[in-house]
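Shown next: input36.tsv, given as TSV, C-alpha atoms.
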```tsv
chain	number	residue	atom	x	y	z
A	1	MET	CA	4.89	9.51	-1.13
A	2	GLU	CA	1.61	9.70	0.77
A	3	ASN	CA	-0.56	7.83	-1.75
A	4	LEU	CA	2.18	5.74	-3.35
A	5	THR	CA	1.19	2.17	-4.23
A	6	VAL	CA	2.67	-0.74	-6.16
A	7	VAL	CA	0.74	-0.80	-9.46
A	8	GLY	CA	2.52	-3.68	-11.14
A	9	TRP	CA	5.70	-5.57	-11.85
A	10	THR	CA	7.91	-5.30	-14.92
A	11	TYR	CA	11.37	-6.14	-16.17
A	12	PHE	CA	14.49	-4.47	-14.80
A	13	ASP	CA	15.44	-2.65	-18.00
A	14	ALA	CA	11.96	-1.18	-18.52
A	15	PRO	CA	11.86	2.62	-19.06
A	16	TYR	CA	10.69	3.37	-15.50
A	17	LYS	CA	13.17	5.53	-13.57
A	18	THR	CA	14.47	4.84	-10.09
A	19	LYS	CA	14.26	8.11	-8.22
A	20	LYS	CA	16.61	8.93	-5.39
A	21	LEU	CA	15.04	8.44	-1.97
A	22	ASN	CA	16.01	9.77	1.42
A	23	ARG	CA	16.28	7.40	4.40
A	24	GLU	CA	12.64	7.90	5.45
A	25	GLU	CA	11.35	7.40	1.90
A	26	VAL	CA	13.37	4.20	1.48
A	27	GLY	CA	11.61	2.77	4.55
A	28	ILE	CA	8.21	3.68	3.10
A	29	VAL	CA	9.02	2.15	-0.28
A	30	ILE	CA	10.43	-1.05	1.26
A	31	SER	CA	7.26	-1.39	3.37
A	32	LEU	CA	5.08	-1.03	0.26
A	33	ILE	CA	7.08	-3.73	-1.53
A	34	GLU	CA	7.03	-6.03	1.49
A	35	ASP	CA	3.26	-5.61	1.83
A	36	GLU	CA	2.76	-6.52	-1.83
A	37	ILE	CA	5.10	-9.52	-1.56
A	38	ALA	CA	3.37	-10.78	1.59
A	39	LYS	CA	-0.13	-10.22	0.16
A	40	HIS	CA	0.62	-12.36	-2.90
A	41	HIS	CA	3.21	-14.73	-1.36
A	42	TYR	CA	5.81	-13.71	-3.91
A	43	VAL	CA	9.28	-15.11	-3.39
A	44	PHE	CA	12.13	-14.68	-5.85
A	45	SER	CA	15.84	-14.07	-5.94
A	46	GLY	CA	17.95	-11.02	-6.63
A	47	GLU	CA	18.94	-12.59	-9.93
A	48	GLU	CA	15.23	-12.91	-10.83
A	49	HIS	CA	14.58	-9.34	-9.64
A	50	GLN	CA	17.06	-8.20	-12.29
A	51	ASN	CA	16.34	-10.70	-15.06
A	52	ALA	CA	12.74	-11.95	-14.88
A	53	LEU	CA	9.90	-10.40	-16.88
A	54	THR	CA	8.10	-9.37	-13.66
A	55	GLY	CA	10.88	-8.94	-11.08
A	56	MET	CA	10.76	-5.16	-10.61
A	57	PRO	CA	7.99	-3.28	-8.78
A	58	VAL	CA	6.49	-0.16	-10.36
A	59	PHE	CA	4.78	2.54	-8.32
A	60	SER	CA	1.74	4.72	-8.92
A	61	ASP	CA	3.96	7.79	-9.53
A	62	GLY	CA	5.60	6.11	-12.55
A	63	THR	CA	8.86	5.24	-10.79
A	64	CYS	CA	10.27	1.85	-9.89
A	65	PHE	CA	12.48	0.07	-7.36
A	66	ARG	CA	15.74	-1.41	-8.62
A	67	ALA	CA	18.07	-3.18	-6.22
A	68	SER	CA	21.36	-4.99	-6.26
A	69	MET	CA	21.04	-8.76	-6.08
A	70	ARG	CA	22.44	-8.68	-2.54
A	71	SER	CA	20.02	-5.91	-1.50
A	72	TRP	CA	17.01	-7.75	-2.97
A	73	GLY	CA	18.18	-10.98	-1.33
A	74	GLY	CA	18.31	-9.16	2.01
A	75	LEU	CA	14.77	-7.86	1.54
A	76	MET	CA	13.50	-11.39	0.87
A	77	ALA	CA	15.52	-12.88	3.73
A	78	SER	CA	13.95	-10.38	6.15
A	79	MET	CA	10.48	-11.63	5.17
A	80	TYR	CA	10.93	-15.40	5.22
A	81	ARG	CA	12.23	-18.12	7.55
A	82	GLY	CA	13.87	-21.43	6.75
A	83	ALA	CA	12.15	-24.83	7.00
A	84	ASP	CA	13.04	-25.10	10.70
A	85	GLY	CA	12.19	-21.45	11.44
A	86	GLU	CA	15.80	-20.32	11.21
A	87	GLU	CA	16.77	-16.87	10.02
A	88	LEU	CA	17.86	-16.66	6.42
A	89	SER	CA	20.52	-14.45	4.83
A	90	TYR	CA	20.68	-12.56	1.58
A	91	MET	CA	22.64	-15.51	0.12
A	92	ASP	CA	19.52	-17.69	0.40
A	93	PHE	CA	17.86	-15.36	-2.13
A	94	TYR	CA	20.85	-14.09	-4.11
A	95	MET	CA	20.59	-16.36	-7.17
A	96	SER	CA	17.71	-18.27	-8.76
A	97	LEU	CA	15.43	-20.24	-6.45
A	98	GLY	CA	14.30	-22.58	-9.22
A	99	ASP	CA	10.93	-24.19	-8.50
A	100	ALA	CA	10.68	-22.34	-5.17
A	101	SER	CA	10.19	-19.00	-6.95
A	102	ASN	CA	6.80	-17.37	-7.09
A	103	LEU	CA	6.97	-14.33	-9.35
A	104	PRO	CA	4.15	-11.88	-10.09
A	105	GLU	CA	2.04	-12.60	-13.15
A	106	TYR	CA	2.54	-10.29	-16.11
A	107	VAL	CA	-0.16	-7.62	-16.21
A	108	PRO	CA	0.09	-4.49	-18.40
A	109	ILE	CA	0.86	-1.38	-16.34
A	110	ASP	CA	-1.32	1.65	-17.08
A	111	VAL	CA	1.03	4.14	-15.43
A	112	PRO	CA	3.50	5.86	-17.79
A	113	PRO	CA	7.15	6.28	-16.75
A	114	ALA	CA	7.78	9.42	-14.71
A	115	GLU	CA	10.29	12.10	-15.61
A	116	VAL	CA	12.95	12.07	-12.89
A	117	GLU	CA	15.67	14.72	-12.68
A	118	ASP	CA	18.21	12.71	-10.72
A	119	GLU	CA	17.89	8.96	-11.19
A	120	SER	CA	19.38	6.56	-8.65
A	121	VAL	CA	21.42	3.53	-9.73
A	122	GLY	CA	19.26	1.48	-7.36
A	123	ALA	CA	19.23	0.20	-3.79
A	124	ILE	CA	22.52	-1.17	-2.53
A	125	VAL	CA	23.93	-2.31	0.78
A	126	LYS	CA	27.20	-1.16	2.35
A	127	ALA	CA	29.10	-4.27	1.19
A	128	ASP	CA	28.08	-3.55	-2.43
A	129	ARG	CA	29.50	-0.03	-2.33
A	130	GLU	CA	32.68	-1.16	-0.58
A	131	MET	CA	33.31	-3.86	-3.18
A	132	VAL	CA	32.85	-1.42	-6.06
A	133	GLU	CA	35.03	1.24	-4.42
A	134	GLN	CA	37.80	-1.30	-3.79
A	135	ALA	CA	37.77	-2.37	-7.44
A	136	ILE	CA	38.09	1.27	-8.51
A	137	ALA	CA	40.82	2.02	-5.96
A	138	LEU	CA	42.82	-0.99	-7.18
A	139	ASP	CA	42.13	-0.07	-10.82
A	140	MET	CA	40.64	-3.51	-11.37
A	141	GLU	CA	38.28	-4.55	-14.11
A	142	PHE	CA	34.85	-5.05	-12.53
A	143	MET	CA	33.06	-8.16	-13.71
A	144	THR	CA	29.61	-8.99	-12.38
A	145	THR	CA	26.16	-9.98	-13.57
A	146	ASP	CA	24.59	-7.51	-11.12
A	147	LYS	CA	23.09	-4.68	-13.18
A	148	VAL	CA	22.92	-2.21	-10.28
A	149	LEU	CA	26.57	-2.76	-9.36
A	150	GLU	CA	27.56	-2.31	-13.01
A	151	LYS	CA	25.77	1.06	-13.03
A	152	LEU	CA	27.36	2.04	-9.72
A	153	PHE	CA	30.83	1.07	-10.97
A	154	LYS	CA	30.45	3.15	-14.14
A	155	LYS	CA	29.09	6.12	-12.18
A	156	LEU	CA	31.83	6.09	-9.52
A	157	LYS	CA	34.58	5.47	-12.08
A	158	GLN	CA	33.34	8.45	-14.10
A	159	GLU	CA	33.30	10.65	-10.98
A	160	LYS	CA	36.89	9.66	-10.13
```
Could I get this file's structure written as structure tokens?
Amino acid sequence: MENLTVVGWTYFDAPYKTKKLNREEVGIVISLIEDEIAKHHYVFSGEEHQNALTGMPVFSDGTCFRASMRSWGGLMASMYRGADGEELSYMDFYMSLGDASNLPEYVPIDVPPAEVEDESVGAIVKADREMVEQAIALDMEFMTTDKVLEKLFKKLKQEK
């Protein structure tokens, strides 16, 4: 993790793996992403993180950072303020921002995907996990456009 850098941005379903991170490593990775976002004034939604051509950061070790739409929205909300300086919430960045979005430009990434033994489904927040667990406990069909939550649902359902 010592020399880890963001080397580019790609699409969510690219072959880069999301490795599992411990609490300390998550903080380091989030800081790297925040630095890159601030440096280039990127701003985009959780929906764009999962569906845009350049919504997912890739690191120098060949791994990437995938997040639920709520988790990505929270990351963006922590970095920006509203027009009157007010705090924003994940909901302000959950879905498309339209013309307000500023996504990274597409640039080919020279780092090949890493081999990862135990891939993570992606970054989630407590409310994400609770919602998925409730759906499983109630034996409900889980319908969402959030790719990370779909993966989490399938994983937890399989483990049940």
Would you compute an axis-aligned box for range 123-127 of chain A, covering every atom listed for it in the file with 8 Å of margin on each side, and report centre and edge lengths in Å to one decimal as AutoDock Vina command-line options?
```
--center_x 24.2 --center_y -2.0 --center_z -0.7 --size_x 25.9 --size_y 20.5 --size_z 22.1
```
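Checking A:Val107, A:Ala52, A:Ala123, A:Val29 one by one against Val148 in chain A, counting only C-alpha atoms, you find the shortest gap at A:Ala123.
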Response to the item:
One residue among A:Lys154, A:Arg70, A:His49, A:Lys126 is nearest to Ser101 in chain A when using all atoms listed in the file, and that residue is A:His49
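Proximity to Val7 in chain A was assessed for A:Glu117, A:Glu159, A:Glu150, A:Glu36 counting all atoms listed in the file; the smallest distance is recorded for A:Glu36.
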Worksheet item: If we count all atoms listed in the file, what is near range 15-20 of chain A at a cut-off of 10 Å, once residues fewer than 3 positions away on the same chain are taken out, given as a list of chain:residue names?
Response: A:Thr10, A:Tyr11, A:Phe12, A:Arg23, A:Glu25, A:Val26, A:Met56, A:Pro57, A:Val58, A:Phe59, A:Gly62, A:Thr63, A:Cys64, A:Phe65, A:Arg66, A:Ala67, A:Val111, A:Pro112, A:Pro113, A:Ala114, A:Glu115, A:Val116, A:Glu117, A:Asp118, A:Glu119, A:Ser120, A:Val121, A:Gly122, A:Ala123
Item to complete: Select, from A:Ser60, A:Leu156, A:Tyr80, A:Phe142, the residue with the minimum atom-to-atom distance to Ala38 in chain A, counting only C-alpha atoms.
Response: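 Counting only C-alpha atoms, the residue closest to Ala38 in chain A is A:Tyr80.
Taking all atoms listed in the file into account, Gly46 in chain A lies nearest to A:Asp92 out of the set A:Asp99, A:Glu2, A:Glu141, A:Asp92.
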Practice prompt. Can you work out the spacing between CA of Gly55 in chain A and CA of Val132 in chain A in Å, to one decimal?
Written response: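 Result for CA of Gly55 in chain A versus CA of Val132 in chain A: 23.8 Å, one decimal.
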Worksheet entry | For range 82-90 of chain A: contacts at 12 Å, all atoms listed in the file, fewer than 2 positions along chain excluded, given as a list of chain:residue names |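 Answer for this query is A:Phe44, A:Ser45, A:Gly46, A:Glu47, A:Ser68, A:Met69, A:Arg70, A:Ser71, A:Trp72, A:Gly73, A:Gly74, A:Leu75, A:Met76, A:Ala77, A:Ser78, A:Met79, A:Tyr80, A:Asp92, A:Phe93, A:Tyr94, A:Met95, A:Val125, A:Ala127.
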Output of the above residues as a short mmCIF file (atom, residue, chain, number, x, y, z; two decimals), in the coordinates of the input, restricted to C-alpha atoms:
```cif
data_model
loop_
_atom_site.label_atom_id
_atom_site.label_comp_id
_atom_site.auth_asym_id
_atom_site.auth_seq_id
_atom_site.Cartn_x
_atom_site.Cartn_y
_atom_site.Cartn_z
CA PHE A 44 12.13 -14.68 -5.85
CA SER A 45 15.84 -14.07 -5.94
CA GLY A 46 17.95 -11.02 -6.63
CA GLU A 47 18.94 -12.59 -9.93
CA SER A 68 21.36 -4.99 -6.26
CA MET A 69 21.04 -8.76 -6.08
CA ARG A 70 22.44 -8.68 -2.54
CA SER A 71 20.02 -5.91 -1.50
CA TRP A 72 17.01 -7.75 -2.97
CA GLY A 73 18.18 -10.98 -1.33
CA GLY A 74 18.31 -9.16 2.01
CA LEU A 75 14.77 -7.86 1.54
CA MET A 76 13.50 -11.39 0.87
CA ALA A 77 15.52 -12.88 3.73
CA SER A 78 13.95 -10.38 6.15
CA MET A 79 10.48 -11.63 5.17
CA TYR A 80 10.93 -15.40 5.22
CA ASP A 92 19.52 -17.69 0.40
CA PHE A 93 17.86 -15.36 -2.13
CA TYR A 94 20.85 -14.09 -4.11
CA MET A 95 20.59 -16.36 -7.17
CA VAL A 125 23.93 -2.31 0.78
CA ALA A 127 29.10 -4.27 1.19
#
```
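The two atoms in question, CA of Ser31 in chain A and CA of Asp61 in chain A, are spaced 16.2 Å apart.
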Discussion item. Please report the interatomic distance between CA of Thr5 in chain A and CA of Thr145 in chain A in Å with one decimal.
Written reply: 29.3 Å
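When only C-alpha atoms are used to compute distances to Ile30 in chain A, the closest of the residues A:Ser96, A:Leu4, A:Gln158, A:Asp146 turns out to be A:Leu4.
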Worksheet item: Do you know which residues are at most 6 Å from Tyr42 in chain A counting only C-alpha atoms, after dropping those on the same chain fewer than 2 positions away, and could you put them as a ChimeraX atom specification?
Response: /A:37,40,102-103
Output C-alpha atoms for every residue in that selection, as a tab-separated table (two decimals), in the coordinates of the input.
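Okay, selection_36.tsv is ready:
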```tsv
chain	number	residue	atom	x	y	z
A	37	ILE	CA	5.10	-9.52	-1.56
A	40	HIS	CA	0.62	-12.36	-2.90
A	102	ASN	CA	6.80	-17.37	-7.09
A	103	LEU	CA	6.97	-14.33	-9.35
```
Write range 27-51 of chain A as a PDB file, in the frame of the given file, completed to N, CA, C and O atoms.
```pdb
ATOM      1  N   GLY A  27      12.402   3.597   3.634  1.00  0.00           N
ATOM      2  CA  GLY A  27      11.610   2.770   4.550  1.00  0.00           C
ATOM      3  C   GLY A  27      10.169   2.629   4.086  1.00  0.00           C
ATOM      4  O   GLY A  27       9.591   1.537   4.144  1.00  0.00           O
ATOM      5  N   ILE A  28       9.591   3.702   3.601  1.00  0.00           N
ATOM      6  CA  ILE A  28       8.210   3.680   3.100  1.00  0.00           C
ATOM      7  C   ILE A  28       8.108   2.775   1.877  1.00  0.00           C
ATOM      8  O   ILE A  28       7.211   1.932   1.778  1.00  0.00           O
ATOM      9  N   VAL A  29       9.034   2.934   0.951  1.00  0.00           N
ATOM     10  CA  VAL A  29       9.020   2.150  -0.280  1.00  0.00           C
ATOM     11  C   VAL A  29       9.237   0.660   0.016  1.00  0.00           C
ATOM     12  O   VAL A  29       8.536  -0.202  -0.529  1.00  0.00           O
ATOM     13  N   ILE A  30      10.174   0.356   0.895  1.00  0.00           N
ATOM     14  CA  ILE A  30      10.430  -1.050   1.260  1.00  0.00           C
ATOM     15  C   ILE A  30       9.166  -1.648   1.893  1.00  0.00           C
ATOM     16  O   ILE A  30       8.785  -2.780   1.583  1.00  0.00           O
ATOM     17  N   SER A  31       8.499  -0.904   2.749  1.00  0.00           N
ATOM     18  CA  SER A  31       7.260  -1.390   3.370  1.00  0.00           C
ATOM     19  C   SER A  31       6.184  -1.678   2.328  1.00  0.00           C
ATOM     20  O   SER A  31       5.467  -2.681   2.424  1.00  0.00           O
ATOM     21  N   LEU A  32       6.056  -0.802   1.333  1.00  0.00           N
ATOM     22  CA  LEU A  32       5.080  -1.030   0.260  1.00  0.00           C
ATOM     23  C   LEU A  32       5.398  -2.316  -0.498  1.00  0.00           C
ATOM     24  O   LEU A  32       4.497  -3.107  -0.786  1.00  0.00           O
ATOM     25  N   ILE A  33       6.673  -2.518  -0.802  1.00  0.00           N
ATOM     26  CA  ILE A  33       7.080  -3.730  -1.530  1.00  0.00           C
ATOM     27  C   ILE A  33       6.843  -4.953  -0.671  1.00  0.00           C
ATOM     28  O   ILE A  33       6.298  -5.965  -1.148  1.00  0.00           O
ATOM     29  N   GLU A  34       7.231  -4.892   0.590  1.00  0.00           N
ATOM     30  CA  GLU A  34       7.030  -6.030   1.490  1.00  0.00           C
ATOM     31  C   GLU A  34       5.551  -6.371   1.627  1.00  0.00           C
ATOM     32  O   GLU A  34       5.182  -7.560   1.625  1.00  0.00           O
ATOM     33  N   ASP A  35       4.698  -5.362   1.729  1.00  0.00           N
ATOM     34  CA  ASP A  35       3.260  -5.610   1.830  1.00  0.00           C
ATOM     35  C   ASP A  35       2.740  -6.337   0.586  1.00  0.00           C
ATOM     36  O   ASP A  35       1.944  -7.275   0.686  1.00  0.00           O
ATOM     37  N   GLU A  36       3.194  -5.907  -0.574  1.00  0.00           N
ATOM     38  CA  GLU A  36       2.760  -6.520  -1.830  1.00  0.00           C
ATOM     39  C   GLU A  36       3.276  -7.965  -1.938  1.00  0.00           C
ATOM     40  O   GLU A  36       2.557  -8.865  -2.357  1.00  0.00           O
ATOM     41  N   ILE A  37       4.513  -8.170  -1.538  1.00  0.00           N
ATOM     42  CA  ILE A  37       5.100  -9.520  -1.560  1.00  0.00           C
ATOM     43  C   ILE A  37       4.334 -10.437  -0.617  1.00  0.00           C
ATOM     44  O   ILE A  37       3.978 -11.562  -0.984  1.00  0.00           O
ATOM     45  N   ALA A  38       4.078  -9.962   0.593  1.00  0.00           N
ATOM     46  CA  ALA A  38       3.370 -10.780   1.590  1.00  0.00           C
ATOM     47  C   ALA A  38       1.931 -11.071   1.139  1.00  0.00           C
ATOM     48  O   ALA A  38       1.451 -12.204   1.267  1.00  0.00           O
ATOM     49  N   LYS A  39       1.266 -10.068   0.609  1.00  0.00           N
ATOM     50  CA  LYS A  39      -0.130 -10.220   0.160  1.00  0.00           C
ATOM     51  C   LYS A  39      -0.272 -11.319  -0.889  1.00  0.00           C
ATOM     52  O   LYS A  39      -1.245 -12.076  -0.877  1.00  0.00           O
ATOM     53  N   HIS A  40       0.710 -11.415  -1.785  1.00  0.00           N
ATOM     54  CA  HIS A  40       0.620 -12.360  -2.900  1.00  0.00           C
ATOM     55  C   HIS A  40       1.555 -13.571  -2.752  1.00  0.00           C
ATOM     56  O   HIS A  40       1.635 -14.392  -3.665  1.00  0.00           O
ATOM     57  N   HIS A  41       2.271 -13.623  -1.632  1.00  0.00           N
ATOM     58  CA  HIS A  41       3.210 -14.730  -1.360  1.00  0.00           C
ATOM     59  C   HIS A  41       4.292 -14.844  -2.433  1.00  0.00           C
ATOM     60  O   HIS A  41       4.706 -15.947  -2.784  1.00  0.00           O
ATOM     61  N   TYR A  42       4.734 -13.694  -2.935  1.00  0.00           N
ATOM     62  CA  TYR A  42       5.810 -13.710  -3.910  1.00  0.00           C
ATOM     63  C   TYR A  42       7.109 -14.088  -3.200  1.00  0.00           C
ATOM     64  O   TYR A  42       7.348 -13.694  -2.053  1.00  0.00           O
ATOM     65  N   VAL A  43       7.942 -14.800  -3.878  1.00  0.00           N
ATOM     66  CA  VAL A  43       9.280 -15.110  -3.390  1.00  0.00           C
ATOM     67  C   VAL A  43      10.170 -15.334  -4.611  1.00  0.00           C
ATOM     68  O   VAL A  43       9.855 -16.164  -5.460  1.00  0.00           O
ATOM     69  N   PHE A  44      11.202 -14.522  -4.732  1.00  0.00           N
ATOM     70  CA  PHE A  44      12.130 -14.680  -5.850  1.00  0.00           C
ATOM     71  C   PHE A  44      13.458 -14.021  -5.516  1.00  0.00           C
ATOM     72  O   PHE A  44      13.559 -13.183  -4.627  1.00  0.00           O
ATOM     73  N   SER A  45      14.458 -14.449  -6.232  1.00  0.00           N
ATOM     74  CA  SER A  45      15.840 -14.070  -5.940  1.00  0.00           C
ATOM     75  C   SER A  45      16.213 -12.698  -6.498  1.00  0.00           C
ATOM     76  O   SER A  45      15.492 -12.112  -7.314  1.00  0.00           O
ATOM     77  N   GLY A  46      17.381 -12.238  -6.077  1.00  0.00           N
ATOM     78  CA  GLY A  46      17.950 -11.020  -6.630  1.00  0.00           C
ATOM     79  C   GLY A  46      18.247 -11.155  -8.111  1.00  0.00           C
ATOM     80  O   GLY A  46      18.068 -10.211  -8.884  1.00  0.00           O
ATOM     81  N   GLU A  47      18.681 -12.330  -8.509  1.00  0.00           N
ATOM     82  CA  GLU A  47      18.940 -12.590  -9.930  1.00  0.00           C
ATOM     83  C   GLU A  47      17.626 -12.485 -10.715  1.00  0.00           C
ATOM     84  O   GLU A  47      17.576 -11.903 -11.795  1.00  0.00           O
ATOM     85  N   GLU A  48      16.536 -13.001 -10.163  1.00  0.00           N
ATOM     86  CA  GLU A  48      15.230 -12.910 -10.830  1.00  0.00           C
ATOM     87  C   GLU A  48      14.684 -11.483 -10.785  1.00  0.00           C
ATOM     88  O   GLU A  48      14.014 -11.048 -11.729  1.00  0.00           O
ATOM     89  N   HIS A  49      14.972 -10.749  -9.710  1.00  0.00           N
ATOM     90  CA  HIS A  49      14.580  -9.340  -9.640  1.00  0.00           C
ATOM     91  C   HIS A  49      15.160  -8.584 -10.830  1.00  0.00           C
ATOM     92  O   HIS A  49      14.493  -7.742 -11.424  1.00  0.00           O
ATOM     93  N   GLN A  50      16.394  -8.920 -11.204  1.00  0.00           N
ATOM     94  CA  GLN A  50      17.060  -8.200 -12.290  1.00  0.00           C
ATOM     95  C   GLN A  50      16.837  -8.809 -13.678  1.00  0.00           C
ATOM     96  O   GLN A  50      17.065  -8.127 -14.666  1.00  0.00           O
ATOM     97  N   ASN A  51      16.395 -10.050 -13.752  1.00  0.00           N
ATOM     98  CA  ASN A  51      16.340 -10.700 -15.060  1.00  0.00           C
ATOM     99  C   ASN A  51      14.983 -11.299 -15.451  1.00  0.00           C
ATOM    100  O   ASN A  51      14.817 -11.689 -16.605  1.00  0.00           O
TER     101      ASN A  51
END
```
